[in-house]
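This report concerns only the one structure given below.
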Amino acid sequence: MRYVVIGSSAAGISAISEIRKLDNNGEIILISKDEYIYSRCMLHHYISGDRDIEKLCFVDGDFIKKNNVNWIRGREVKKILFNEKNILLDDERKISYDKLLIATGSKGVLPPIKNIDKATNVTVLRDLDYANKLKSIEKNKRVLIIGAGLVGMDAVYGLIKNGCKVFIVELSDRILPIQLDIISAKTYEDEFIKKGAKIFKGQGVKEVLLNNDLAYGAVLQDNTIIDVDYIVVAAGVRPRVEFLDDSLKVEKGVVVDNMMRTNIEDVFAAGDVTNISPIWPVAVKQGIVAGHNMVKCEKEIDNVFGFKNSINFFGIDTISIGKINENGEDINEFIEINRGVYRKFIYKNSKLIGAIIQGDTEYVGKITNIIKENISGLK
Amino acid sequence: MKKIVVNKELCSGCLNCVFACMMGQTGKDKYTTNLLDLDNQARCHIEFQDGYEPIFCKHCDEAECVITCMSGALYKDEDGTVKYDEKKCASCLMCVMSCPKGVLKINEKTRKIIKCDLCNGRDIPYCVENCPKGAITFEEVGK
């Protein structure tokens with residue numbers, strides 16, 4: 001039996017562990033664009049120099065050897081020939097498979113801003129290559145971050161630590177709008193401003209100013225001009241599916257059932273490429289389920305609760321769970337502010353459906369569990 | 001593997017388990033253990049709501065903390081114990097958020113997680129050994 005896994009992040013690696021647990025003899029081939037196994041969630045620690053590439057690795061150093069994996073690294077898949085069960089690599093090599101997992105993740109996209117695609121000093125942040133670009137930006141350079149979500153703020157964090165002058169532009173009225181409310185966001189905004197960042201909220205970038213192929217400035221919606229040396233775009237991601245042809249069903253991501261099967265037999269998908277809940281724990285769970293079913297088709301995913309995230313910039317801890325931006329007559333909020341601890345609980349018809357907890361996260365998991373059950377019960 | 005099994009009906013909330021956990025980690029005794037030392041926090045606790053509920057790490061089969069750990073710091077060892085390698089930990093709090101039992105918290109000083117390791121292979125964990133009520137026992141449960 002030959003198992004082929006495309007993608008070496010959370011979903012792909014979790015699948016391999018599971019496959020090897022159940023099948024000691026099968027052949028496992030891992031194909032990845034990445035040259036290393038590393039956690040994308042820790043790239044900001046890499047940019048800032050707090051961790052090197054080895055310390056970004058989320059499995060043991062001997063993972064590949066221990067699991068007897070044939071790893072084709074640094075190669076991209078050009079095409080999958082589903083009818084003949086072959087994979088075509090960018091070096092024209094053909095790899096056949098009996099069972100295939102597509103775990104290619106997602107990629108950063110450029111928003112429709114004038115000239116943004118023409119500049120060479122504009123980048124997204126997704127992979128190590130991009131992180132290396134950010135890492136190489138020198139001290140005191142002016143960097144504009146478009147989008148203050150988790151990826152954008154990760155970039156900000158790393159760049160500030162490296163002494164860059166950072167400008168943040170965010171469409172919403174606060175940073176981290178998906179995870180935080182105004183009050184909890186302000187805690188971090190104050191901290192970032194203290195460290196020298198300038199934040200432009202409720203604003204988008206209208207145009208990038210070009211000098212040949214170099215961006216030297218950005219025009220905001222209110223016509224403010226920011227002079228820049230570099231632009232980082234963190235304004236959304238898309239599943240990495242461009243190498244797939246029409247025979248595989250793709251909607252907002254690769255379509256899978258609760259056993260991670262796609263519409264093509266023996267082909268599975270897991271992680272961000274499915275775009276079900278693009279967060280780490282869901283990718284791991286999907287990877288385990290996919291890996292299991294590639295060997296023995298019997299395992300269903302228990303839940304893909306994805307409305308949760310934790311933030312810990314500058315040692316300030318925040319956990320955001322469930323639906324935190326709800327409005328309506330049936331919504332009630334309970335807020336407690338006490339000695340640097342902020343707690344907000346959001347109830348719908350007196351059921352807890354969301355919480356933001358900042359400053360003291362002790363034993364919060366229990367609350368997550370309640371919210372998870374309440375939200376899945378609401379559906 | 002052997003796990004800590006809780007029978008909350010028997011618990012009287014005496015906190016001997018909590019104290020034993022603290023002493024066990026440092027090797028100090030009840031006269032010298034500093035209860036305010038952040039580096040010496042118990043890995044279990046008791047909640048007081050409709051009676052006493054001792055909260056212990058279950059070393060779950062499909063442990064949410066391991067699944068959510070994006071640094072590889074939390075992992076299952078061969079006999080099923082959920083172990084923690086603090087050198088790998090990036091203090092992201094995903095495990096604190098995801099543990100359905102609410103066992104985990106962060107040490108504010110070191111920014112590392114406070115995590116039960118079943119006293120690292122000891123025959124009987126300190127907490128179990130010191131429970132006067134038999135509310136917590138150390139038993140073979142499946143794999």
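Residue numbers start at 1 in each chain; chains themselves are named A, B, ... in the order of the structure tokens; ligands are numbered from 1 in the order shown.
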Within 7 Å of region 112-122 of chain B using only C-alpha atoms, minus same-chain residues under 6 positions, as number ranges by chain: B: 43, 57, 83-84, 86, 91, 104-106
Interface, chain A side, toward chain B (8 Å; only C-alpha atoms) as a ChimeraX atom specification: /A:10,39,41-42,55-60,280-281,284-285,309-312,317,319,361-369
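Within chain B, the backbone-based DSSP assignment of alpha helix (DSSP H) covers B:Asn16, B:Cys17, B:Val18, B:Phe19, B:Ala20, B:Cys21, B:Met22, B:Met23, B:Gly24, B:Gln25, B:Thr26, B:Glu64, B:Cys65, B:Val66, B:Ile67, B:Thr68, B:Met94, B:Cys95, B:Val96, B:Met97, B:Ser98, B:Tyr126, B:Cys127, B:Val128, B:Glu129.
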Which of chain B DSSP labels strand (DSSP E or B), written as a ChimeraX atom specification: /B:2-6,45-48,52-55,74-76,82-84,105-107,112-114,136-140
Exercise: region 261-276 of chain A partners within 7 Å, only C-alpha atoms, chain neighbours under 3 positions left out, as a list in words: Ala11, Asp98, Lys99, Leu100, Leu101, Ile102, Ala103, Thr104, Gly105, Ser106, Pro239, Arg240, Leu248, Lys249, Lys252, Gly253, Val254, Val255, Val256, Asp257, Val282, Ala283, Gln286, Gly287 and Ala290 of chain A
Selection near Ala148 (chain A), 8 Å with only C-alpha atoms, sequence-local residues under 4 positions removed, as a ChimeraX atom specification: /A:152-153,168-170,175-177,234
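Nearest residue to Arg40 (chain A) among A:Lys133, A:Lys107, A:Lys296, A:Lys65 is A:Lys107, counting only C-alpha atoms.
Using only C-alpha atoms for every distance, the candidate list B:Cys131, B:Val18, B:Val141, B:Leu10 yields B:Val141 as the residue closest to Gly80 (chain B).
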Test item: residues at most 8 Å from Val289 (chain A), only C-alpha atoms, excluding those fewer than 5 positions along its chain, as a PyMOL selection string: chain A and resi 15+259-260+299-301
Exercise: Leu15 (chain B) partners within 12 Å, only C-alpha atoms, chain neighbours under 6 positions left out, as a PyMOL selection string: chain B and resi 21-22+42+44-48+52-55+127-128+130-133+135-136
d(CA of Asp181 (chain A), CA of Arg142 (chain A)) in Å: 28.1 Å
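For the set A:Leu171, A:Tyr157, A:Ile226, A:Val232, the residue with the smallest atom-to-atom gap to Thr123 (chain A) is A:Val232, counting only C-alpha atoms.
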